[in-house]
file coords-v3.pdb (PDB, C-alpha atoms)
ATOM      1  CA  MET Q  20      76.747  92.693  80.922
ATOM      2  CA  GLU Q  21      78.754  91.792  84.036
ATOM      3  CA  ALA Q  22      78.474  88.141  84.946
ATOM      4  CA  ASN Q  23      76.721  87.287  88.193
ATOM      5  CA  THR Q  24      79.261  85.625  90.489
ATOM      6  CA  ARG Q  25      76.933  84.836  93.400
ATOM      7  CA  GLY Q  26      76.773  81.163  94.195
ATOM      8  CA  THR Q  27      79.445  80.281  91.643
ATOM      9  CA  GLY Q  28      82.432  80.369  94.022
ATOM     10  CA  ARG Q  29      84.087  83.041  91.868
ATOM     11  CA  LEU Q  30      85.268  86.394  93.223
ATOM     12  CA  PRO Q  31      84.292  89.680  91.544
ATOM     13  CA  ALA Q  32      86.905  91.026  89.139
ATOM     14  CA  ALA Q  33      87.672  93.959  91.462
ATOM     15  CA  PHE Q  34      88.830  91.490  94.117
ATOM     16  CA  LEU Q  35      91.277  89.889  91.706
ATOM     17  CA  THR Q  36      92.750  93.132  90.367
ATOM     18  CA  PRO Q  37      93.183  95.505  93.321
ATOM     19  CA  GLY Q  38      94.005  99.034  92.211
ATOM     20  CA  SER Q  39      96.191  99.841  95.215
ATOM     21  CA  SER Q  40      99.105  98.256  97.019
ATOM     22  CA  SER Q  41      97.369  99.243 100.268
ATOM     23  CA  PHE Q  42      95.122  96.564 101.747
ATOM     24  CA  MET Q  43      93.454  99.241 103.902
ATOM     25  CA  ASP Q  44      92.481 101.233 100.820
ATOM     26  CA  PHE Q  45      91.176  98.074  99.165
ATOM     27  CA  LEU Q  46      89.152  97.129 102.251
ATOM     28  CA  GLY Q  47      87.872 100.702 102.594
ATOM     29  CA  ALA Q  48      86.611 100.644  99.007
ATOM     30  CA  HIS Q  49      84.804  97.290  99.191
ATOM     31  CA  SER Q  50      83.947  96.664 102.871
ATOM     32  CA  PRO Q  51      84.568  99.873 104.839
ATOM     33  CA  GLU Q  52      82.516  98.609 107.764
ATOM     34  CA  LEU Q  53      85.282  96.086 108.521
ATOM     35  CA  LEU Q  54      87.844  98.768 109.304
ATOM     36  CA  PRO Q  55      88.271  99.185 113.090
ATOM     37  CA  GLY Q  56      87.714 102.939 112.969
ATOM     38  CA  ASN Q  57      84.349 102.548 111.232
ATOM     39  CA  ARG Q  58      82.731 100.374 113.891
ATOM     40  CA  LYS Q  59      79.556 101.715 115.507
ATOM     41  CA  LEU Q  60      79.830 102.022 119.271
ATOM     42  CA  PRO Q  61      77.095 102.027 121.904
ATOM     43  CA  GLU Q  62      76.461 105.274 123.728
ATOM     44  CA  GLY Q  63      77.925 105.936 127.143
ATOM     45  CA  ILE Q  64      81.133 104.852 128.819
ATOM     46  CA  ILE Q  65      82.687 101.678 127.435
ATOM     47  CA  GLU Q  66      84.701  99.389 129.704
ATOM     48  CA  ALA Q  67      87.219  97.304 127.789
ATOM     49  CA  PRO Q  68      90.458  95.520 128.704
ATOM     50  CA  HIS Q  69      93.554  97.651 128.260
ATOM     51  CA  GLY Q  70      97.088  96.504 127.649
ATOM     52  CA  THR Q  71      99.765  98.416 129.452
ATOM     53  CA  THR Q  72     103.547  98.642 129.249
ATOM     54  CA  ILE Q  73     105.741  98.057 126.180
ATOM     55  CA  VAL Q  74     109.491  98.766 126.096
ATOM     56  CA  ALA Q  75     112.171  98.701 123.404
ATOM     57  CA  ALA Q  76     115.926  99.187 123.228
ATOM     58  CA  THR Q  77     118.461  99.131 120.425
ATOM     59  CA  PHE Q  78     121.883  97.525 120.470
ATOM     60  CA  PRO Q  79     124.578  97.485 117.741
ATOM     61  CA  ASP Q  80     123.208  94.340 116.073
ATOM     62  CA  GLY Q  81     119.474  95.031 116.314
ATOM     63  CA  VAL Q  82     116.595  95.953 118.575
ATOM     64  CA  VAL Q  83     114.685  94.342 121.461
ATOM     65  CA  LEU Q  84     110.922  94.796 121.901
ATOM     66  CA  ALA Q  85     109.200  93.459 125.031
ATOM     67  CA  GLY Q  86     105.961  93.743 126.969
ATOM     68  CA  ASP Q  87     104.438  92.720 130.273
ATOM     69  CA  ARG Q  88     101.474  90.321 130.360
ATOM     70  CA  ARG Q  89      98.771  92.179 132.306
ATOM     71  CA  ALA Q  90      95.530  93.632 130.932
ATOM     72  CA  THR Q  91      93.322  95.769 133.158
ATOM     73  CA  MET Q  92      89.727  96.955 133.151
ATOM     74  CA  GLY Q  93      89.426  99.930 135.448
ATOM     75  CA  ASN Q  94      90.909  98.867 138.767
ATOM     76  CA  MET Q  95      90.488  95.148 137.985
ATOM     77  CA  ILE Q  96      92.953  92.728 136.393
ATOM     78  CA  ALA Q  97      91.177  91.541 133.249
ATOM     79  CA  GLN Q  98      93.851  89.077 132.111
ATOM     80  CA  ARG Q  99      97.199  88.007 133.531
ATOM     81  CA  ASP Q 100      98.793  86.432 130.463
ATOM     82  CA  ILE Q 101      97.817  88.613 127.509
ATOM     83  CA  GLU Q 102     100.305  88.811 124.634
ATOM     84  CA  LYS Q 103     101.162  92.335 123.514
ATOM     85  CA  VAL Q 104     104.144  91.877 121.175
ATOM     86  CA  PHE Q 105     103.631  90.500 117.654
ATOM     87  CA  PRO Q 106     105.747  90.113 114.517
ATOM     88  CA  ALA Q 107     104.632  92.510 111.788
ATOM     89  CA  ASP Q 108     106.713  90.705 109.182
ATOM     90  CA  GLU Q 109     110.091  88.976 109.021
ATOM     91  CA  TYR Q 110     112.072  92.063 110.075
ATOM     92  CA  SER Q 111     109.716  94.107 112.279
ATOM     93  CA  ALA Q 112     107.395  93.835 115.264
ATOM     94  CA  VAL Q 113     104.639  95.759 117.040
ATOM     95  CA  GLY Q 114     104.025  96.098 120.769
ATOM     96  CA  ILE Q 115     100.513  97.212 121.708
ATOM     97  CA  ALA Q 116      99.268  99.449 124.507
ATOM     98  CA  GLY Q 117      95.739 100.752 124.863
ATOM     99  CA  THR Q 118      92.412  99.054 124.145
ATOM    100  CA  ALA Q 119      93.419  95.422 123.797
ATOM    101  CA  GLY Q 120      90.743  94.178 121.391
ATOM    102  CA  LEU Q 121      91.160  97.041 118.930
ATOM    103  CA  ALA Q 122      94.943  96.871 119.230
ATOM    104  CA  VAL Q 123      95.101  93.165 118.354
ATOM    105  CA  GLU Q 124      92.735  93.722 115.433
ATOM    106  CA  MET Q 125      94.897  96.605 114.213
ATOM    107  CA  VAL Q 126      98.018  94.434 114.371
ATOM    108  CA  LYS Q 127      96.350  91.717 112.284
ATOM    109  CA  LEU Q 128      95.276  94.311 109.736
ATOM    110  CA  PHE Q 129      98.813  95.736 109.701
ATOM    111  CA  GLN Q 130     100.251  92.283 109.050
ATOM    112  CA  LEU Q 131      97.853  91.884 106.119
ATOM    113  CA  GLU Q 132      98.764  95.364 104.871
ATOM    114  CA  LEU Q 133     102.453  94.484 104.670
ATOM    115  CA  GLU Q 134     101.806  91.067 103.114
ATOM    116  CA  HIS Q 135      99.412  92.579 100.563
ATOM    117  CA  PHE Q 136     101.952  95.233  99.552
ATOM    118  CA  GLU Q 137     104.660  92.618  99.060
ATOM    119  CA  LYS Q 138     102.420  90.439  96.893
ATOM    120  CA  VAL Q 139     101.166  93.327  94.745
ATOM    121  CA  GLU Q 140     104.472  95.177  94.350
ATOM    122  CA  GLY Q 141     106.812  92.186  94.436
ATOM    123  CA  ALA Q 142     109.004  93.928  97.023
ATOM    124  CA  THR Q 143     108.901  94.690 100.720
ATOM    125  CA  LEU Q 144     108.310  98.145 102.152
ATOM    126  CA  SER Q 145     111.224  99.937 103.746
ATOM    127  CA  LEU Q 146     111.136 100.087 107.548
ATOM    128  CA  GLU Q 147     110.225 103.756 107.331
ATOM    129  CA  GLY Q 148     107.426 102.903 104.900
ATOM    130  CA  LYS Q 149     106.075 100.322 107.334
ATOM    131  CA  ALA Q 150     106.180 102.891 110.149
ATOM    132  CA  ASN Q 151     104.222 105.334 107.960
ATOM    133  CA  ARG Q 152     101.568 102.710 107.132
ATOM    134  CA  LEU Q 153     101.047 102.027 110.841
ATOM    135  CA  SER Q 154     100.745 105.771 111.450
ATOM    136  CA  THR Q 155      97.909 105.937 108.903
ATOM    137  CA  MET Q 156      96.099 103.064 110.593
ATOM    138  CA  ILE Q 157      96.326 104.703 114.014
ATOM    139  CA  ARG Q 158      95.032 107.983 112.571
ATOM    140  CA  SER Q 159      92.008 106.158 111.131
ATOM    141  CA  ASN Q 160      91.165 105.075 114.688
ATOM    142  CA  LEU Q 161      90.993 108.673 115.975
ATOM    143  CA  GLY Q 162      87.194 108.579 116.367
ATOM    144  CA  MET Q 163      87.505 105.569 118.642
ATOM    145  CA  ALA Q 164      90.365 107.194 120.547
ATOM    146  CA  MET Q 165      88.210 110.264 121.255
ATOM    147  CA  GLN Q 166      85.754 107.907 122.964
ATOM    148  CA  GLY Q 167      88.475 106.427 125.150
ATOM    149  CA  LEU Q 168      89.380 103.443 122.960
ATOM    150  CA  ALA Q 169      92.895 104.498 122.012
ATOM    151  CA  VAL Q 170      95.656 102.305 120.560
ATOM    152  CA  VAL Q 171      99.219 103.538 121.091
ATOM    153  CA  PRO Q 172     101.817 100.999 119.885
ATOM    154  CA  LEU Q 173     105.587 100.828 119.623
ATOM    155  CA  PHE Q 174     107.010  99.691 116.300
ATOM    156  CA  ALA Q 175     110.540  98.338 115.964
ATOM    157  CA  GLY Q 176     112.542  96.561 113.316
ATOM    158  CA  TRP Q 177     115.760  96.032 111.433
ATOM    159  CA  ASP Q 178     116.442  98.653 108.751
ATOM    160  CA  GLU Q 179     118.164  96.780 105.931
ATOM    161  CA  GLY Q 180     119.198 100.027 104.217
ATOM    162  CA  LYS Q 181     120.763 101.632 107.283
ATOM    163  CA  GLU Q 182     121.826  98.280 108.757
ATOM    164  CA  LYS Q 183     120.606  98.978 112.274
ATOM    165  CA  GLY Q 184     117.648  98.507 114.581
ATOM    166  CA  ARG Q 185     115.164 101.384 114.825
ATOM    167  CA  ILE Q 186     112.229 102.246 117.106
ATOM    168  CA  PHE Q 187     109.130 104.332 116.330
ATOM    169  CA  SER Q 188     106.573 105.628 118.834
ATOM    170  CA  TYR Q 189     103.107 107.088 118.142
ATOM    171  CA  ASP Q 190     100.452 109.287 119.693
ATOM    172  CA  VAL Q 191      96.699 108.727 119.409
ATOM    173  CA  THR Q 192      96.462 110.932 116.295
ATOM    174  CA  GLY Q 193      98.984 108.785 114.416
ATOM    175  CA  GLY Q 194     101.835 111.217 114.955
ATOM    176  CA  ARG Q 195     105.080 109.295 114.537
ATOM    177  CA  SER Q 196     108.436 109.875 116.225
ATOM    178  CA  GLU Q 197     111.654 107.940 115.904
ATOM    179  CA  GLU Q 198     113.156 107.069 119.268
ATOM    180  CA  HIS Q 199     116.898 106.738 119.699
ATOM    181  CA  GLY Q 200     118.315 104.161 122.058
ATOM    182  CA  PHE Q 201     115.198 103.187 123.982
ATOM    183  CA  ALA Q 202     111.481 103.877 124.290
ATOM    184  CA  ALA Q 203     108.395 102.904 126.263
ATOM    185  CA  THR Q 204     104.644 103.304 125.952
ATOM    186  CA  GLY Q 205     101.635 102.480 128.110
ATOM    187  CA  SER Q 206     100.646 103.267 131.677
ATOM    188  CA  GLY Q 207     103.975 102.200 133.166
ATOM    189  CA  SER Q 208     106.066 103.895 130.491
ATOM    190  CA  ILE Q 209     107.211 106.813 132.647
ATOM    191  CA  PHE Q 210     108.780 104.401 135.160
ATOM    192  CA  ALA Q 211     110.190 102.078 132.490
ATOM    193  CA  ARG Q 212     111.706 105.008 130.612
ATOM    194  CA  GLY Q 213     113.302 106.345 133.794
ATOM    195  CA  SER Q 214     114.807 102.935 134.470
ATOM    196  CA  MET Q 215     116.267 102.603 130.966
ATOM    197  CA  LYS Q 216     117.539 106.169 131.013
ATOM    198  CA  LYS Q 217     119.928 105.266 133.834
ATOM    199  CA  LEU Q 218     120.967 101.842 132.541
ATOM    200  CA  TYR Q 219     121.082 102.157 128.751
ATOM    201  CA  ARG Q 220     124.378 102.238 126.849
ATOM    202  CA  PRO Q 221     124.769 102.217 123.056
ATOM    203  CA  ASP Q 222     127.276  99.340 123.169
ATOM    204  CA  LEU Q 223     124.973  96.795 124.838
ATOM    205  CA  THR Q 224     125.172  93.173 123.777
ATOM    206  CA  GLU Q 225     121.975  91.326 122.863
ATOM    207  CA  GLU Q 226     121.972  89.627 126.281
ATOM    208  CA  GLN Q 227     122.436  92.957 128.059
ATOM    209  CA  ALA Q 228     119.682  94.588 126.000
ATOM    210  CA  THR Q 229     117.208  91.835 126.896
ATOM    211  CA  THR Q 230     118.197  92.167 130.552
ATOM    212  CA  LEU Q 231     117.690  95.931 130.313
ATOM    213  CA  VAL Q 232     114.085  95.645 129.102
ATOM    214  CA  VAL Q 233     113.233  93.114 131.825
ATOM    215  CA  GLN Q 234     114.702  95.472 134.440
ATOM    216  CA  ALA Q 235     112.595  98.299 132.986
ATOM    217  CA  LEU Q 236     109.398  96.214 133.068
ATOM    218  CA  TYR Q 237     110.166  95.203 136.645
ATOM    219  CA  ASP Q 238     110.547  98.885 137.636
ATOM    220  CA  ALA Q 239     107.304  99.747 135.832
ATOM    221  CA  ALA Q 240     105.442  96.976 137.680
ATOM    222  CA  ASP Q 241     106.960  98.187 140.959
ATOM    223  CA  ASP Q 242     105.266 101.598 140.627
ATOM    224  CA  ASP Q 243     102.347 101.067 138.234
ATOM    225  CA  SER Q 244      99.545  98.736 139.344
ATOM    226  CA  ALA Q 245      98.419  98.185 135.744
ATOM    227  CA  THR Q 246     101.782  96.659 134.781
ATOM    228  CA  GLY Q 247     102.386  93.029 135.674
ATOM    229  CA  GLY Q 248     105.777  91.846 136.891
ATOM    230  CA  PRO Q 249     107.164  88.317 136.430
ATOM    231  CA  ASP Q 250     104.759  85.807 138.019
ATOM    232  CA  LEU Q 251     107.019  82.973 139.165
ATOM    233  CA  TYR Q 252     104.173  80.918 140.647
ATOM    234  CA  ARG Q 253     101.968  80.943 137.545
ATOM    235  CA  ARG Q 254     105.022  80.873 135.230
ATOM    236  CA  ILE Q 255     103.953  84.048 133.430
ATOM    237  CA  PHE Q 256     106.921  86.007 132.115
ATOM    238  CA  PRO Q 257     107.381  89.013 129.791
ATOM    239  CA  ILE Q 258     107.203  88.524 126.034
ATOM    240  CA  ILE Q 259     110.690  89.364 124.740
ATOM    241  CA  THR Q 260     111.539  89.604 121.038
ATOM    242  CA  VAL Q 261     114.782  90.352 119.218
ATOM    243  CA  ILE Q 262     115.045  91.639 115.637
ATOM    244  CA  THR Q 263     118.397  91.565 113.823
ATOM    245  CA  ASP Q 264     119.625  91.164 110.248
ATOM    246  CA  GLU Q 265     118.635  87.509 110.624
ATOM    247  CA  GLY Q 266     115.018  88.476 111.238
ATOM    248  CA  PHE Q 267     112.458  88.351 114.043
ATOM    249  CA  ARG Q 268     112.955  85.978 116.970
ATOM    250  CA  ARG Q 269     110.857  85.533 120.091
ATOM    251  CA  LEU Q 270     112.681  84.270 123.162
ATOM    252  CA  SER Q 271     111.430  80.881 124.262
ATOM    253  CA  GLU Q 272     109.630  80.462 127.571
ATOM    254  CA  GLU Q 273     112.781  78.879 128.984
ATOM    255  CA  GLU Q 274     114.894  81.867 127.945
ATOM    256  CA  SER Q 275     112.470  84.507 129.227
ATOM    257  CA  SER Q 276     111.921  82.503 132.417
ATOM    258  CA  ALA Q 277     115.648  82.287 133.136
ATOM    259  CA  LEU Q 278     116.100  85.996 132.478
ATOM    260  CA  ALA Q 279     113.127  87.023 134.658
ATOM    261  CA  ARG Q 280     114.232  84.719 137.472
ATOM    262  CA  SER Q 281     117.774  86.107 137.450
ATOM    263  CA  VAL Q 282     116.453  89.687 137.656
ATOM    264  CA  THR Q 283     114.010  88.728 140.433
ATOM    265  CA  GLU Q 284     116.699  86.965 142.461
ATOM    266  CA  ARG Q 285     118.987  89.977 142.129
ATOM    267  CA  ARG Q 286     116.149  92.238 143.292
ATOM    268  CA  MET Q 287     115.971  90.254 146.521
ATOM    269  CA  GLU Q 288     119.391  91.742 147.309
ATOM    270  CA  GLU Q 289     118.719  95.153 145.763
ATOM    271  CA  PRO Q 290     114.921  95.769 145.673
ATOM    272  CA  ASP Q 291     115.297  99.076 143.844
ATOM    273  CA  GLY Q 292     117.471  97.576 141.120
ATOM    274  CA  PRO Q 293     121.014  98.207 139.877
ATOM    275  CA  ARG Q 294     122.622 101.557 140.636
ATOM    276  CA  ALA Q 295     123.850 103.931 137.952
ATOM    277  CA  ALA Q 296     127.113 105.802 138.541
ATOM    278  CA  LEU Q 297     126.808 109.397 139.776
ATOM    279  CA  LEU Q 298     129.513 110.595 137.377
TER     280      LEU Q 298
END
call {"tool": "encode", "arguments": {"input": "coords-v3.pdb", "output": "structure tokens"}}
result
Amino acid sequence: MEANTRGTGRLPAAFLTPGSSSFMDFLGAHSPELLPGNRKLPEGIIEAPHGTTIVAATFPDGVVLAGDRRATMGNMIAQRDIEKVFPADEYSAVGIAGTAGLAVEMVKLFQLELEHFEKVEGATLSLEGKANRLSTMIRSNLGMAMQGLAVVPLFAGWDEGKEKGRIFSYDVTGGRSEEHGFAATGSGSIFARGSMKKLYRPDLTEEQATTLVVQALYDAADDDSATGGPDLYRRIFPIITVITDEGFRRLSEEESSALARSVTERRMEEPDGPRAALL
């Protein structure tokens, strides 16, 4: 007869011997109601804060992932200083666009998924394996997405096997695409992508790559009301992260402030930004 563990402080045996290296599978088997895609929603239109623009760019020694700080709810600014870029593990990061609450919850679950795999298997997933796991999580949220609560992230990291930075983008069904050079997602992505298309070069230094993403976010904020530009008065600046063979690093407030201020000051001379050569 199975021992009763209630009130004893002991976990059931199934919790101590998970049969899968996937935390999502384990959670789905024992507490499926905790998965974001299984939440019951009220009927009718749901208003929820949405995160907007995320950008990424590779350079020879790694990849930069950055995001603006604005969240919107319809035509209103819901939050001015939301954080949209998070480390997934030591060598990868996720930038979120879409329904903010669900997106943050998905990132936390993704972090647990990677940590769980490492503890069970005794090894880390490849970058491609991590990208596939995130794709599965997005696909499980399809029911929510069909009701307007979509999550569409960018995933970036350092590929230890290929020794380079890589970027992956997704659609609401979990479809995954590898992006080469640069990428953007969110409401201001079309403007950010256009900006990077004219300025990107494969031989960028880390400093140039971080400047590039700030320029792209500035251009997105210039044309998309849901994207927030640098707020010098409130000291709210983009979240900028760099991932190299040394791991994940988030630029300090001083670093991001200096970079945003230099771009803003330059825009006072050239409001439309730097010019790309015609030929």
call {"tool": "residues_around", "arguments": {"input": "coords-v3.pdb", "residues": "Q:Arg220", "least_positions_apart": "6", "cutoff": "12 Å", "atoms": "only C-alpha atoms", "output": "list in words"}}
result
Ala76, Thr77, Phe78, Pro79, His199, Gly200, Phe201, Gln227, Ala228, Leu231 and Ala295 of chain Q
call {"tool": "closest_residue", "arguments": {"input": "coords-v3.pdb", "among": "Q:Val74, Q:Ile255, Q:Val171, Q:Ile157", "to": "Q:Ala119", "atoms": "all atoms listed in the file"}}
result
Q:Val171
call {"tool": "resolve_selection", "arguments": {"input": "coords-v3.pdb", "expression": "the PyMOL selection byres ((chain Q and resi 100) around 10)", "output": "list of chain:residue names"}}
result
Q:Asp87, Q:Arg88, Q:Arg89, Q:Ala90, Q:Ala97, Q:Gln98, Q:Arg99, Q:Ile101, Q:Glu102, Q:Lys103, Q:Gly247, Q:Asp250, Q:Arg253, Q:Arg254, Q:Ile255, Q:Phe256, Q:Pro257, Q:Ile258
call {"tool": "atom_distance", "arguments": {"input": "coords-v3.pdb", "atom1": "atom CA of Q:Val82", "atom2": "atom CA of Q:Gly184"}}
result
4.9 Å
call {"tool": "atom_distance", "arguments": {"input": "coords-v3.pdb", "atom1": "atom CA of Q:Gly207", "atom2": "atom CA of Q:Thr230"}}
result
17.6 Å
